[in-house]
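Note sheet for the following structure.
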Amino acid sequence: MISESAIEFKVETVTPEEANRFIERFYSKTKIDQRLLQAYSRDMRSGRWVMNGAPIVFTDDGQVIDGRARLLACVHSGAAFDTLIVRGISANSYETIDSVRKRTLADVLSIRQERHGRSLAAALRIIWAYTNGLFPSGARSPSPISLLSILEERPEIRDSIMPSLVAAPLLPHGCGIALHYLMGLIDQQKADRFVALIGEPISNGDVSPILQLRQILSELKGQGGSRKQSYILAIAIKAWNAFYTGKPLRQLKYSPDTETFPQILGIKDSAGPLFDYVRQDKLASSHGFRFPAYSSVSAKVVIITPEKADEILSKNKLNRSISASVVNKYARDMISGRWLLNGQTIKISKDGKLLDGQHRLEASKKAKKGFPAIIVEGLSEETFSSLDIGHRRSVSDILRERGENNTIVLASALRWLWMVRNNVVLAANSSPTNGELLALLEECPQIRKSLKHVIHIGKIMGAGIATALHYTFKEKDHDKADEFFSRLIDGVHLSESSPIYHLRERLIRTRSSHRVRLAEAERVALAIKSWNAFREDRSIQLLAWRNRGATREALPIPV
């Protein structure tokens, strides 16, 4: 049972001085994501930060267990901010903080019913990164509110959505929108023609750069796997520069190891105001991101039954599309009793519309089980765009706070081990919860030794996948698992008929490509096939796994 009287709620203005005092009482002292901190600081300094029902959470003994990034941003920006304060939450719930799925910019744009919202979100990030000179590394990232402000300032970016659609899917739509817009700042007619010819080429000399671009994009698409955005943008910019200037292009290529990222010719002269705006991250107060009044905001602790969840969801008019995998994850935690009251809130507007929480409510219905929650009511719909945008606390964060080593790799290994054990490596809508991964670590503590054994495999195979597979193979044959991965790492004494040799060559060949990466599921399948042949002392001449067409293979099972 939950004692509502034990939980206190209050909307407060937190000053930098108060934020500093709160930070000293924070439960965890782990490193903060600096990109997130900088984005929050910029938003607070520019007046874009909106009190949206996401609380600063205190335990019953006064420790702060959620909100550290916001508090640090307050100190760094020197600007006070308004927030909901929740006191009296059990410290035992700390490890469940931020298990709730964060809202992305793409979600916000889709909710706003923007056309092609996800592609538009990708385009805004590209425009921001290009104008800040951050390709190809992408070392910084803007806050979603900063990107929304660019769209507010430059609504004509939307005009590039439909023209660039003709170049998709060869040119990813987000890349196409960004490039069409930036190139249109120089010459709108030529920008229209450029993207149109990518979609419908004409075989004559004046478009030869575009024909070369089409050929490369077609090859990338045909190879499958993920296409590297910076590579696509670089070759597209090179093709555009040749097309725009009318100069012949002998060969279209880009080597990130030896070349600087290409620049769109003439854009700084044509788009100076855009560069100044995006770089300085300006936003006048008239652009709509103003603090609403908080007198109507209230909060309470309740048990949300499946029936209550259904009632709230019936008023859900503005939310994002449902992710079945997220609902399934939350439902499993509710059924198993891992879902705890941790200070995260269900948010409802002044007129009763659900602003945030639909996945938790849908999970309650699916699990047929109630769950404890804090409901915040009376919020302005002006706050909607800033809900849950930011850093989702991952299992690697929790492992780091527990004192584990190599936490990013360990978290990845646990995720892959969970997927292999549950036979969902090929399932697009299945992923584990933080609670399931932490429980798996308690069940399989020896996975830490597997990680140490394969930690040097990073150059040819993801260390997380390798750790999970080493642990899985070790359960079949401890010594052979060690030998398999030792030879995969060093390549010593491998004949051309060795299954390890074929796996190693395939992985090295694929990892050296700047254009495409072998799909992760395929790496798992090939590694298992290689292991099975190795354990059975079988020589092989070809290592392959067919995952398409009439002869499609299931994921192999380790022997």
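Every chain in the structure tokens has a letter given in the order shown (A, B, ...), and although residue numbers restart at 1 in each chain, ligands are simply numbered from 1 in the order shown.
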
Which residues in range 15-195 of chain A does DSSP call helix (DSSP H, G or I)? List them as JSON, numbers by chain. {"A": [16, 17, 18, 19, 20, 21, 22, 23, 24, 34, 35, 36, 37, 38, 39, 40, 41, 42, 43, 44, 45, 46, 68, 69, 70, 71, 72, 73, 74, 75, 76, 77, 91, 92, 93, 94, 95, 96, 105, 106, 107, 108, 109, 110, 111, 117, 118, 119, 120, 121, 122, 123, 124, 125, 126, 127, 128, 129, 130, 131, 144, 145, 146, 147, 148, 149, 150, 151, 152, 153, 155, 156, 157, 158, 159, 160, 161, 162, 163, 164, 165, 173, 174, 175, 176, 177, 178, 179, 180, 181, 182, 183, 184, 188, 189, 190, 191, 192, 193, 194, 195]}

Near-Lys369 in chain A list (10 Å; only C-alpha atoms; drop same-chain fewer than 6 positions) as a list in words: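 Residues near the query, excluding close chain neighbours: Ile303, Ile304, Thr305, Pro306, Glu307, Ala331, Met334, Ile335, Gly337 and Ala363 of chain A.
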
Could you pull the residues within 8 Å of Ala19 in chain A, counting only C-alpha atoms, minus those fewer than 5 positions along the same chain, as a PyMOL selection string? chain A and resi 14+71-72+74-75

Could you save the residues just selected, with N, CA and C atoms, as a compact mmCIF listing (two decimals), in the first residue's frame?
# COMPACT_ATOMS: atom_id res chain seq x y z
N VAL A 14 13.77 27.10 -8.29
CA VAL A 14 15.07 26.69 -7.77
C VAL A 14 16.13 27.67 -8.28
N LEU A 71 19.67 20.28 -12.19
CA LEU A 71 20.25 21.11 -11.12
C LEU A 71 21.62 21.66 -11.53
N LEU A 72 22.45 20.80 -12.14
CA LEU A 72 23.76 21.26 -12.59
C LEU A 72 23.62 22.32 -13.69
N CYS A 74 21.22 24.42 -13.97
CA CYS A 74 20.82 25.65 -13.28
C CYS A 74 22.05 26.39 -12.75
N VAL A 75 22.98 25.64 -12.15
CA VAL A 75 24.20 26.25 -11.62
C VAL A 75 25.06 26.81 -12.75

Who sits within 8 Å of Phe534 in chain A, only C-alpha atoms, same chain under 5 positions skipped, as a PDB file with C-alpha atoms, in the first residue's frame:
ATOM      1  CA  PHE A 484      37.512 -20.035 -30.127  1.00  0.00           C
ATOM      2  CA  SER A 498      39.001 -23.178 -40.351  1.00  0.00           C
ATOM      3  CA  PRO A 499      35.523 -21.867 -39.425  1.00  0.00           C
ATOM      4  CA  ILE A 500      37.212 -19.304 -37.155  1.00  0.00           C
ATOM      5  CA  SER A 539      36.192 -27.710 -41.947  1.00  0.00           C
TER       6      SER A 539
END

Please provide the set of residues having any atom within 7 Å of range 544-556 of chain A, restricted to only C-alpha atoms, with same-chain residues fewer than 4 positions apart removed, written as a ChimeraX atom specification. /A:525-526,528-529
